[in-house]
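File shown: target16.cif. Contents: mmCIF, C-alpha atoms.
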```cif
data_target
#
loop_
_atom_site.label_atom_id
_atom_site.label_comp_id
_atom_site.auth_asym_id
_atom_site.auth_seq_id
_atom_site.Cartn_x
_atom_site.Cartn_y
_atom_site.Cartn_z
CA MET A 239 -119.53 -122.19 -11.45
CA LYS A 240 -123.13 -122.57 -12.67
CA LEU A 241 -122.89 -126.36 -12.35
CA PHE A 242 -121.52 -126.00 -8.85
CA SER A 243 -124.36 -123.65 -7.88
CA ALA A 244 -126.93 -126.06 -9.31
CA LEU A 245 -125.47 -128.92 -7.26
CA VAL A 246 -125.58 -126.79 -4.14
CA ILE A 247 -129.24 -125.96 -4.73
CA LEU A 248 -130.03 -129.64 -5.36
CA ALA A 249 -128.29 -130.62 -2.14
CA PHE A 250 -130.37 -128.09 -0.27
CA ALA A 251 -133.57 -129.37 -1.89
CA LEU A 252 -132.78 -132.95 -0.82
CA THR A 253 -132.47 -131.90 2.81
CA ASN A 254 -135.63 -129.85 3.16
CA HIS A 255 -136.43 -131.14 6.61
CA ARG A 256 -133.06 -130.19 8.03
CA ILE A 257 -133.16 -126.79 6.33
CA ALA A 258 -136.62 -126.08 7.68
CA LEU A 259 -135.24 -126.54 11.17
CA SER A 260 -132.27 -124.20 10.62
CA GLN A 261 -133.36 -121.62 8.11
CA ILE A 262 -131.85 -118.15 8.20
CA THR A 263 -134.65 -115.59 8.23
CA THR A 264 -133.17 -112.36 9.60
CA ILE A 265 -131.49 -110.68 6.62
CA TRP A 266 -130.87 -107.03 5.80
CA LEU A 267 -129.11 -105.06 3.07
CA THR A 268 -126.90 -102.00 3.59
CA HIS A 269 -124.12 -100.02 1.94
CA LYS A 270 -120.70 -99.38 3.47
CA THR A 271 -119.27 -97.62 0.43
CA ASN A 272 -120.32 -94.13 -0.62
CA ASP A 273 -121.75 -95.27 -3.96
CA PRO A 274 -124.15 -97.96 -5.17
CA SER A 275 -121.61 -100.11 -7.01
CA ARG A 276 -121.49 -102.54 -4.08
CA ILE A 277 -123.96 -103.74 -1.47
CA VAL A 278 -123.57 -105.52 1.87
CA ILE A 279 -125.69 -108.60 2.54
CA ASN A 280 -126.11 -109.02 6.32
CA TRP A 281 -127.72 -111.83 8.25
CA GLU A 282 -127.99 -113.36 11.69
CA SER A 283 -127.58 -117.07 12.34
CA LYS A 284 -128.81 -119.04 15.34
CA GLU A 285 -125.49 -120.87 15.54
CA PRO A 286 -122.11 -119.17 14.93
CA GLY A 287 -120.22 -120.19 11.82
CA ASN A 288 -118.75 -119.08 8.54
CA SER A 289 -120.39 -116.77 5.98
CA GLU A 290 -121.37 -117.64 2.41
CA VAL A 291 -123.38 -115.78 -0.22
CA TYR A 292 -124.55 -117.11 -3.58
CA PHE A 293 -125.76 -114.36 -5.90
CA GLY A 294 -126.58 -113.49 -9.50
CA THR A 295 -129.35 -112.23 -11.76
CA ASP A 296 -131.35 -115.49 -11.63
CA THR A 297 -131.76 -118.48 -9.33
CA ARG A 298 -128.73 -120.19 -10.83
CA TYR A 299 -126.73 -117.49 -9.01
CA GLY A 300 -123.37 -118.02 -10.70
CA GLN A 301 -121.29 -116.12 -8.15
CA HIS A 302 -120.19 -117.19 -4.69
CA ILE A 303 -118.24 -115.55 -1.86
CA LYS A 304 -117.21 -117.37 1.29
CA VAL A 305 -115.57 -115.97 4.42
CA ASN A 306 -114.11 -118.43 6.90
CA GLU A 307 -115.01 -117.08 10.32
CA THR A 308 -117.06 -117.99 13.38
CA VAL A 309 -119.68 -115.30 13.94
CA SER A 310 -123.42 -114.94 14.47
CA ILE A 311 -123.78 -111.59 12.70
CA HIS A 312 -122.60 -111.98 9.13
CA ARG A 313 -121.86 -109.45 6.41
CA ILE A 314 -120.47 -109.91 2.95
CA GLU A 315 -120.08 -107.11 0.42
CA ILE A 316 -120.81 -108.06 -3.17
CA PRO A 317 -120.33 -106.10 -6.42
CA LEU A 318 -123.33 -104.86 -8.36
CA ASP A 319 -122.10 -105.10 -11.94
CA GLU A 320 -125.49 -104.64 -13.61
CA LYS A 321 -128.27 -102.06 -13.45
CA ASP A 322 -132.00 -102.29 -14.14
CA VAL A 323 -132.07 -105.97 -13.13
CA THR A 324 -133.24 -108.04 -10.19
CA TYR A 325 -130.55 -109.79 -8.18
CA HIS A 326 -131.16 -113.14 -6.51
CA PHE A 327 -129.15 -114.28 -3.50
CA MET A 328 -129.01 -116.95 -0.83
CA VAL A 329 -126.94 -116.95 2.36
CA LYS A 330 -125.48 -119.92 4.22
CA THR A 331 -123.79 -120.54 7.57
CA GLY A 332 -122.87 -124.16 8.11
CA SER A 333 -126.12 -126.14 7.76
CA GLN A 334 -128.17 -122.96 8.19
CA VAL A 335 -129.43 -121.45 4.94
CA SER A 336 -131.91 -118.90 3.68
CA ALA A 337 -134.55 -119.10 1.03
CA ASP A 338 -133.90 -117.39 -2.28
CA LYS A 339 -134.10 -113.60 -1.77
CA THR A 340 -134.21 -110.77 -4.29
CA PHE A 341 -133.48 -107.05 -4.51
CA LYS A 342 -133.56 -104.54 -7.34
CA ALA A 343 -130.34 -103.20 -8.75
CA TYR A 344 -130.19 -99.43 -9.03
CA PRO A 345 -131.61 -98.03 -12.25
CA SER A 346 -129.64 -96.46 -15.05
CA GLY A 347 -130.01 -92.80 -15.96
CA PRO A 348 -132.96 -93.00 -18.39
CA ASN A 349 -135.14 -94.64 -15.74
CA GLU A 350 -136.55 -93.44 -12.43
CA LEU A 351 -134.90 -93.62 -8.99
CA ARG A 352 -137.21 -93.89 -5.96
CA VAL A 353 -136.13 -93.41 -2.34
CA ALA A 354 -138.45 -93.88 0.65
CA VAL A 355 -137.74 -91.94 3.85
CA VAL A 356 -139.37 -92.66 7.23
CA ALA A 357 -138.83 -91.83 10.89
CA ASN A 358 -139.85 -93.29 14.24
CA LEU A 359 -139.76 -96.97 13.48
CA ALA A 360 -139.25 -97.33 17.25
CA GLY A 361 -141.97 -99.33 18.94
CA TYR A 362 -144.00 -99.39 15.75
CA SER A 363 -142.36 -101.60 13.16
CA ASP A 364 -143.41 -104.88 14.79
CA LYS A 365 -147.09 -104.08 14.25
CA ALA A 366 -147.00 -101.65 11.33
CA ASP A 367 -148.40 -102.33 7.90
CA LEU A 368 -145.66 -100.94 5.66
CA SER A 369 -147.03 -102.48 2.48
CA ALA A 370 -147.67 -99.02 0.99
CA ILE A 371 -143.93 -98.32 1.11
CA ILE A 372 -143.14 -101.68 -0.46
CA SER A 373 -145.76 -101.06 -3.17
CA ASP A 374 -143.99 -97.83 -4.11
CA ASN A 375 -141.10 -100.07 -5.15
CA PRO A 376 -138.23 -97.95 -3.74
CA HIS A 377 -134.62 -98.66 -4.62
CA LEU A 378 -133.42 -97.36 -1.24
CA PHE A 379 -134.97 -97.08 2.23
CA ILE A 380 -133.66 -94.38 4.62
CA THR A 381 -134.72 -93.37 8.11
CA CYS A 382 -134.47 -90.10 10.02
CA GLY A 383 -133.80 -91.61 13.43
CA ASP A 384 -135.45 -93.45 16.33
CA ASN A 385 -135.26 -96.86 14.70
CA ILE A 386 -135.75 -98.62 18.06
CA THR A 387 -137.32 -97.74 21.41
CA ASP A 388 -134.26 -98.23 23.67
CA PHE A 389 -131.64 -100.79 24.66
CA HIS A 390 -132.22 -101.22 28.40
CA THR A 391 -135.60 -102.97 27.98
CA LEU A 392 -134.12 -105.95 26.12
CA CYS A 393 -130.45 -105.70 27.14
CA GLY A 394 -130.40 -104.33 30.69
CA PRO A 395 -129.26 -100.89 31.85
CA GLY A 396 -125.89 -99.57 30.73
CA VAL A 397 -125.18 -102.22 28.07
CA LYS A 398 -123.75 -100.57 24.95
CA ASP A 399 -123.00 -103.39 22.51
CA CYS A 400 -126.26 -105.38 22.67
CA VAL A 401 -127.92 -105.56 19.24
CA LYS A 402 -131.13 -107.36 20.23
CA PRO A 403 -133.39 -104.34 19.55
CA TYR A 404 -132.01 -103.97 16.01
CA SER A 405 -132.29 -107.69 15.36
CA ARG A 406 -135.92 -107.54 16.48
CA LEU A 407 -136.55 -104.56 14.19
CA ILE A 408 -135.15 -106.34 11.14
CA ALA A 409 -136.92 -109.63 11.88
CA ALA A 410 -140.28 -107.86 12.18
CA GLN A 411 -140.19 -106.47 8.64
CA GLN A 412 -138.31 -109.00 6.52
CA GLN A 413 -140.22 -108.19 3.34
CA LEU A 414 -138.83 -104.67 3.61
CA PHE A 415 -135.33 -105.07 5.03
CA GLY A 416 -134.57 -108.32 3.20
CA SER A 417 -135.24 -106.83 -0.22
CA ILE A 418 -134.47 -103.08 -0.11
CA PRO A 419 -131.11 -101.53 0.86
CA PHE A 420 -131.51 -99.86 4.25
CA MET A 421 -129.53 -96.85 5.47
CA PRO A 422 -130.60 -95.72 8.95
CA VAL A 423 -129.92 -92.35 10.59
CA LEU A 424 -129.50 -91.93 14.34
CA GLY A 425 -132.07 -90.59 16.79
CA ASN A 426 -131.91 -90.31 20.57
CA HIS A 427 -133.73 -93.63 21.10
CA ASP A 428 -131.02 -95.41 19.10
CA LYS A 429 -128.61 -94.65 21.98
CA GLU A 430 -130.76 -94.92 25.11
CA ILE A 431 -128.94 -97.39 27.36
CA ARG A 432 -130.63 -96.32 30.62
CA PRO A 433 -134.09 -94.91 31.35
CA ARG A 434 -134.06 -91.15 30.84
CA GLY A 435 -136.05 -90.34 33.97
CA THR A 436 -137.48 -86.94 34.91
CA ARG A 437 -134.28 -85.22 36.10
CA PHE A 438 -130.62 -85.27 35.13
CA PRO A 439 -129.10 -88.60 36.27
CA GLU A 440 -125.62 -88.92 37.76
CA ILE A 441 -124.43 -90.94 34.78
CA THR A 442 -125.38 -90.57 31.15
CA SER A 443 -128.55 -92.14 29.81
CA TYR A 444 -127.23 -92.39 26.26
CA ASP A 445 -124.33 -94.03 24.46
CA ILE A 446 -123.28 -91.09 22.31
CA ASP A 447 -120.89 -93.31 20.34
CA ALA A 448 -123.85 -95.46 19.20
CA THR A 449 -121.84 -98.65 19.77
CA ALA A 450 -124.61 -101.17 19.01
CA TYR A 451 -125.80 -99.24 15.95
CA ARG A 452 -122.29 -99.23 14.47
CA ARG A 453 -121.83 -102.90 15.34
CA PHE A 454 -125.06 -104.01 13.70
CA PHE A 455 -125.13 -101.87 10.55
CA GLU A 456 -122.53 -101.52 7.83
CA LEU A 457 -122.60 -97.88 6.71
CA PRO A 458 -120.19 -95.46 5.01
CA ASP A 459 -117.79 -92.99 6.64
CA ASP A 460 -118.01 -92.93 10.46
CA GLU A 461 -121.39 -94.69 10.34
CA TRP A 462 -122.87 -92.32 12.95
CA LYS A 463 -122.58 -89.76 10.16
CA TRP A 464 -122.34 -90.75 6.50
CA HIS A 465 -122.93 -89.71 2.93
CA PHE A 466 -124.12 -91.79 0.00
CA ARG A 467 -124.07 -90.73 -3.66
CA ILE A 468 -125.95 -92.16 -6.65
CA PRO A 469 -123.98 -90.72 -9.60
CA ASP A 470 -126.38 -91.74 -12.39
CA PHE A 471 -128.97 -89.37 -10.93
CA ASN A 472 -126.65 -86.78 -9.37
CA VAL A 473 -128.11 -87.37 -5.91
CA THR A 474 -126.22 -87.29 -2.61
CA PHE A 475 -127.63 -88.02 0.85
CA PHE A 476 -126.00 -86.70 4.04
CA ALA A 477 -126.80 -88.26 7.43
CA LEU A 478 -126.16 -86.20 10.59
CA ASP A 479 -126.27 -87.16 14.26
CA ILE A 480 -128.29 -84.24 15.65
CA ASN A 481 -131.06 -84.74 18.20
CA HIS A 482 -132.19 -83.33 21.56
CA ILE A 483 -129.78 -80.41 21.22
CA SER A 484 -131.32 -78.70 24.27
CA ASP A 485 -129.77 -81.48 26.41
CA PHE A 486 -126.28 -81.03 24.97
CA GLY A 487 -123.60 -80.89 27.69
CA THR A 488 -125.74 -82.66 30.31
CA THR A 489 -126.05 -86.32 31.32
CA TRP A 490 -129.01 -86.41 28.91
CA GLN A 491 -126.78 -85.55 25.95
CA THR A 492 -127.71 -87.81 23.04
CA CYS A 493 -125.71 -86.70 20.01
CA HIS A 494 -122.22 -85.87 18.83
CA ASP A 495 -121.00 -82.30 19.05
CA PHE A 496 -122.66 -80.13 16.40
CA ARG A 497 -121.08 -76.79 17.27
CA ARG A 498 -118.88 -74.77 14.93
CA GLY A 499 -115.39 -76.32 14.92
CA SER A 500 -116.63 -79.80 15.90
CA ALA A 501 -115.82 -82.81 13.72
CA GLN A 502 -119.46 -83.09 12.64
CA PHE A 503 -119.90 -79.41 11.76
CA GLU A 504 -116.65 -79.19 9.81
CA TRP A 505 -117.33 -82.47 7.98
CA TYR A 506 -120.75 -81.27 6.90
CA ARG A 507 -119.48 -77.84 5.90
CA LYS A 508 -116.94 -79.50 3.62
CA MET A 509 -119.24 -82.22 2.27
CA ILE A 510 -122.25 -80.03 1.43
CA GLN A 511 -120.08 -78.04 -0.99
CA LEU A 512 -119.03 -81.13 -2.93
CA TYR A 513 -120.90 -82.31 -6.01
CA PRO A 514 -122.27 -78.89 -7.09
CA GLU A 515 -124.41 -80.51 -9.80
CA ASP A 516 -126.20 -82.85 -7.36
CA PHE A 517 -129.49 -82.88 -5.55
CA LYS A 518 -128.29 -82.85 -1.92
CA ILE A 519 -130.62 -84.22 0.75
CA THR A 520 -129.75 -83.82 4.45
CA LEU A 521 -131.26 -86.21 7.00
CA GLN A 522 -131.31 -85.62 10.76
CA ASN A 523 -133.49 -86.02 13.87
CA GLU A 524 -133.80 -82.56 15.44
CA ARG A 525 -136.59 -80.03 14.98
CA ASN A 526 -135.74 -78.18 11.78
CA GLY A 527 -136.42 -74.74 13.23
CA SER A 528 -134.16 -75.44 16.21
CA ILE A 529 -131.11 -76.73 14.38
CA ARG A 530 -131.11 -74.22 11.54
CA ALA A 531 -130.86 -71.40 14.13
CA GLN A 532 -127.77 -72.86 15.80
CA GLU A 533 -124.35 -71.19 15.59
CA ASN A 534 -125.97 -67.83 14.79
CA GLY A 535 -127.91 -69.37 11.93
CA GLU A 536 -124.86 -70.93 10.28
CA TRP A 537 -126.50 -74.36 10.24
CA GLY A 538 -129.38 -72.90 8.27
CA GLN A 539 -126.94 -71.33 5.83
CA LEU A 540 -125.21 -74.69 5.34
CA PHE A 541 -128.52 -76.47 4.80
CA GLN A 542 -129.41 -74.06 2.03
CA LYS A 543 -126.33 -75.09 0.07
CA GLY A 544 -128.20 -78.34 -0.50
CA THR A 545 -131.65 -79.13 -1.88
CA ALA A 546 -133.77 -80.19 1.12
CA VAL A 547 -133.64 -81.24 4.78
CA ILE A 548 -135.74 -84.10 6.18
CA THR A 549 -136.19 -84.78 9.89
CA GLY A 550 -138.23 -87.11 12.08
CA TYR A 551 -138.40 -84.86 15.13
CA GLY A 552 -142.14 -84.89 15.74
CA HIS A 553 -145.00 -87.27 15.05
CA PHE A 554 -146.55 -85.54 12.06
CA SER A 555 -146.10 -84.77 8.38
CA GLU A 556 -144.95 -81.32 7.29
CA ARG A 557 -143.47 -79.22 4.52
CA ALA A 558 -141.99 -75.87 5.52
CA GLU A 559 -140.20 -73.36 3.32
CA VAL A 560 -137.59 -70.78 4.32
CA ASP A 561 -136.49 -68.42 1.56
CA GLY A 562 -137.66 -70.93 -1.00
CA PHE A 563 -135.80 -73.84 0.66
CA PRO A 564 -137.81 -76.89 1.83
CA TYR A 565 -137.75 -78.56 5.22
CA PHE A 566 -139.75 -81.76 5.70
CA ASN A 567 -140.88 -83.72 8.75
CA THR A 568 -142.10 -87.31 8.64
CA SER A 569 -143.10 -89.99 11.13
CA LEU A 570 -144.58 -93.48 11.11
CA VAL A 571 -146.10 -92.74 14.52
CA PRO A 572 -148.94 -90.25 14.98
CA GLY A 573 -148.81 -87.99 18.02
CA ASN A 574 -147.31 -84.69 19.12
CA ILE A 575 -147.10 -81.84 16.61
CA ALA A 576 -144.42 -79.14 16.80
CA ALA A 577 -145.12 -76.97 13.78
CA ASP A 578 -142.36 -75.10 12.00
CA PRO A 579 -143.00 -71.31 11.97
CA TYR A 580 -142.58 -71.49 8.20
CA SER A 581 -144.93 -74.41 7.70
CA LYS A 582 -146.72 -74.57 4.34
CA MET A 583 -148.36 -77.97 4.82
CA LEU A 584 -149.02 -79.58 8.20
CA HIS A 585 -150.90 -82.81 8.71
CA PRO A 586 -151.24 -85.08 11.79
CA VAL A 587 -151.20 -88.21 9.65
CA HIS A 588 -148.47 -90.78 10.18
CA GLY A 589 -146.73 -91.62 6.95
CA TYR A 590 -143.55 -91.42 4.92
CA ILE A 591 -141.83 -89.48 2.16
CA LEU A 592 -141.18 -90.74 -1.35
CA LEU A 593 -138.43 -88.99 -3.33
CA THR A 594 -138.39 -89.49 -7.08
CA PHE A 595 -135.50 -88.58 -9.36
CA LYS A 596 -135.31 -88.66 -13.13
CA ARG A 597 -132.40 -87.30 -15.12
CA GLY A 598 -133.15 -83.82 -16.45
CA TYR A 599 -136.17 -83.31 -14.17
CA PRO A 600 -136.68 -81.67 -10.75
CA MET A 601 -136.80 -83.80 -7.62
CA LYS A 602 -140.35 -84.78 -6.71
CA VAL A 603 -141.26 -85.07 -3.02
CA GLU A 604 -144.46 -86.85 -2.06
CA ILE A 605 -145.67 -86.95 1.53
CA LYS A 606 -147.81 -90.08 1.80
CA SER A 607 -149.97 -91.78 4.41
CA LEU A 608 -149.54 -95.44 5.26
CA ASP A 609 -152.62 -96.30 3.24
CA GLY A 610 -150.79 -95.04 0.15
CA VAL A 611 -152.65 -91.73 -0.23
CA THR A 612 -150.54 -88.77 -1.35
CA ILE A 613 -151.06 -85.83 1.04
CA ASP A 614 -148.66 -83.34 -0.50
CA THR A 615 -146.54 -83.14 -3.65
CA SER A 616 -143.82 -80.61 -4.40
CA VAL A 617 -140.97 -80.38 -6.90
CA TRP A 618 -137.54 -78.88 -6.32
CA GLU A 619 -134.70 -77.87 -8.58
CA LYS A 620 -131.03 -78.18 -7.68
CA ARG A 621 -129.46 -75.19 -5.96
CA HIS A 622 -126.15 -74.27 -7.54
CA ASP A 623 -125.14 -71.30 -5.41
CA ILE A 624 -122.83 -72.81 -2.77
CA ARG A 625 -120.92 -69.70 -1.74
#
```

Starting from the file, give its structure as C-alpha cells.
Amino acid sequence: MKLFSALVILAFALTNHRIALSQITTIWLTHKTNDPSRIVINWESKEPGNSEVYFGTDTRYGQHIKVNETVSIHRIEIPLDEKDVTYHFMVKTGSQVSADKTFKAYPSGPNELRVAVVANLAGYSDKADLSAIISDNPHLFITCGDNITDFHTLCGPGVKDCVKPYSRLIAAQQQLFGSIPFMPVLGNHDKEIRPRGTRFPEITSYDIDATAYRRFFELPDDEWKWHFRIPDFNVTFFALDINHISDFGTTWQTCHDFRRGSAQFEWYRKMIQLYPEDFKITLQNERNGSIRAQENGEWGQLFQKGTAVITGYGHFSERAEVDGFPYFNTSLVPGNIAADPYSKMLHPVHGYILLTFKRGYPMKVEIKSLDGVTIDTSVWEKRHDIR
C-alpha cells in the first residue's frame, strides 16, 4: 500500500500544471458519529466525479478509501486509530486533487483537550481574522448558530436545498475548516430562505427543517440536534435548535418545537441525564434568560443537570450565573447587547470561548477577544445531581 501511495504522489507531482488548474481547495472536517473514533472528510469539486481519500500519520499516507459515485459534494468517513498524532490526508475526484492537508487527532487522557466555541460567523467569516482561534490549537471547533447570513441572497427566494452560502463560508476560512473538525449549531439565519420583512408574511420566511444545512454537513443524530461525546475526557456536547422563540407559531417561526412533549424537549430531557460523570455542555442560539424560563422554568431545570450553557444570541461576551450554574454568550460580531439579569461579566468585545479539559481537573472557560486577549476566566466542576 505504501508503494502504491508513493506512486500516486509521484504521478501527481509529474502533472503539476494540470493539478494547478483543477485543485480541490474547499475542504471541511465533521463528525457524523457520536464519538471521536471516526471523522468525515468533506470536499467540493468543480466537476462531479468519484470520491477518494488518502490518509495516514505522514505524507506516505498508507491508507486509501474510494467511493465510486458521481457527485460534487463529497464525504468519506475514515477511522482514527491513533491519538496524540497529526494525520495527513489528500482528496481526489477524477483529475481534481487537493494539496496535502493535516489535522490533529484527539488527545489521550493525560493530555489537554481544547474546544473553541464561536457564534455569528454570518456575514463576518469572509473578512475576519480568526488566527487567534487557530493559534489556540483547538481539537474541535463548534458554533452556536448563525453560520451564514441567509439563503435568498445567493440562491433566490424560497430555495431550500441550495448550499452556496455554506460553501462560501468554508472556502473563506480554509486554514480553519480544512484542519479542525467543525460541528455547527443552528441559528435563525441558517434557515432564512426569504427576506424576513417587517410584518408577518403570508408564507414562512424560514426552512425549519434546515434542508441545506443537513445536506451540506455530516453531523450525528438528527443533525439539526445532535450530541457528541469525547470519552477520554468525560465531555459531552449537546446541540439544540432553539432561536427566536417569540416568533414560534407564526410565519416567522425559525426553530423546531421546544415545548414540553415535543421531540426536541423529550430528547434533551433524556440525553442530559446520560453520562453522569461527564462535563455536559449545551449549545443553542436563544437568549439564555428567555429559554431557561420556558415551560414554567423546566428548561432551566434541565440545563442545570449539565455543566454549562453557551449561546450566541447577542453580539457581546458574557458570563452569567444562576444558582451557581454558568451561562455564557459569545459572538464574532460586535453590536447589540442584551444582558442577562444574572450577568457577572459583560463585555461588548467580539470574540470566542475556549474550553479546556484535563482529566482530574475542573473545566476551564476562557472568554477571549479576537486579538487573543483573555477577558474572563472561570473554572467549573461537574454537577452530579441529576434528579

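Within 12 Å of Gly435 (chain A), once all atoms listed in the file are used and residues closer than 6 positions along the same chain are dropped, the contacting residues are Ile441, Thr442, Ser443, Tyr444, Thr489 and Trp490 of chain A.
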
* **Exercise: region 339-347 of chain A partners within 8 Å, all atoms listed in the file, chain neighbours under 5 positions left out, as a count of residues only** => 19

* Could you pull the residues within 7 Å of Leu457 (chain A), counting only C-alpha atoms, minus those fewer than 6 positions along the same chain, as a list of chain:residue names? ->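 Counting only the stated atoms, we get A:Thr268, A:His269, A:Lys270.
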
* To do: Return the single residue from A:Ser616, A:Asn288, A:Ser569, A:Asn426 that is closest to Ile303 (chain A), with distances computed using only C-alpha atoms.
  =>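 For Ile303 (chain A), the nearest of the candidates is A:Asn288.
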
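Applied to this file, the PyMOL selection byres ((chain A and resi 401-407) around 9) selects Thr264, Glu282, Leu359, Ala360, Gly361, Ser363, Asp364, Asn385, Ile386, Thr387, Asp388, Phe389, Thr391, Leu392, Cys393, Lys398, Asp399, Cys400, Ile408, Ala409, Ala410, Gln411, Ala450, Tyr451, Arg453 and Phe454 of chain A.
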
With all atoms listed in the file counted and 8 Å as the cut-off, give the residues of region 254-370 of chain A in contact with region 546-567 of chain A, each with its shortest interatomic distance in Å and the pair that gives it, as JSON lines.
```
{"residue": "A:Val356", "atom": "CA", "partner": "A:Gly550", "partner_atom": "CA", "distance": 7.5}
{"residue": "A:Ala357", "atom": "CA", "partner": "A:Gly550", "partner_atom": "CA", "distance": 4.9}
{"residue": "A:Asn358", "atom": "CA", "partner": "A:Gly550", "partner_atom": "CA", "distance": 6.7}
```

* Asked: From the set A:Ile431, A:Leu478, A:Ile468, A:Val335, which residue has the shortest atom-to-atom contact distance to Phe595 (chain A), counting only C-alpha atoms?
  -> A:Ile468

* Between CA of Ser607 (chain A) and CA of Thr594 (chain A) - distance in Å to one decimal ->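 Interatomic distance, CA of Thr594 (chain A) to CA of Ser607 (chain A): 16.5 Å.
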
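Between CA of Ile372 (chain A) and CA of Asp578 (chain A) there is a distance of 29.4 Å.
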
* To do: Between CA of Pro395 (chain A) and CA of Leu424 (chain A), measure the distance and give it in Å to one decimal.
  => 19.7 Å

* When distances are computed from only C-alpha atoms, which of A:Tyr299, A:Phe475, A:Phe293, A:Phe455 shows the smallest separation from Asn272 (chain A)? ->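 That would be A:Phe475, the residue with the smallest distance to Asn272 (chain A).
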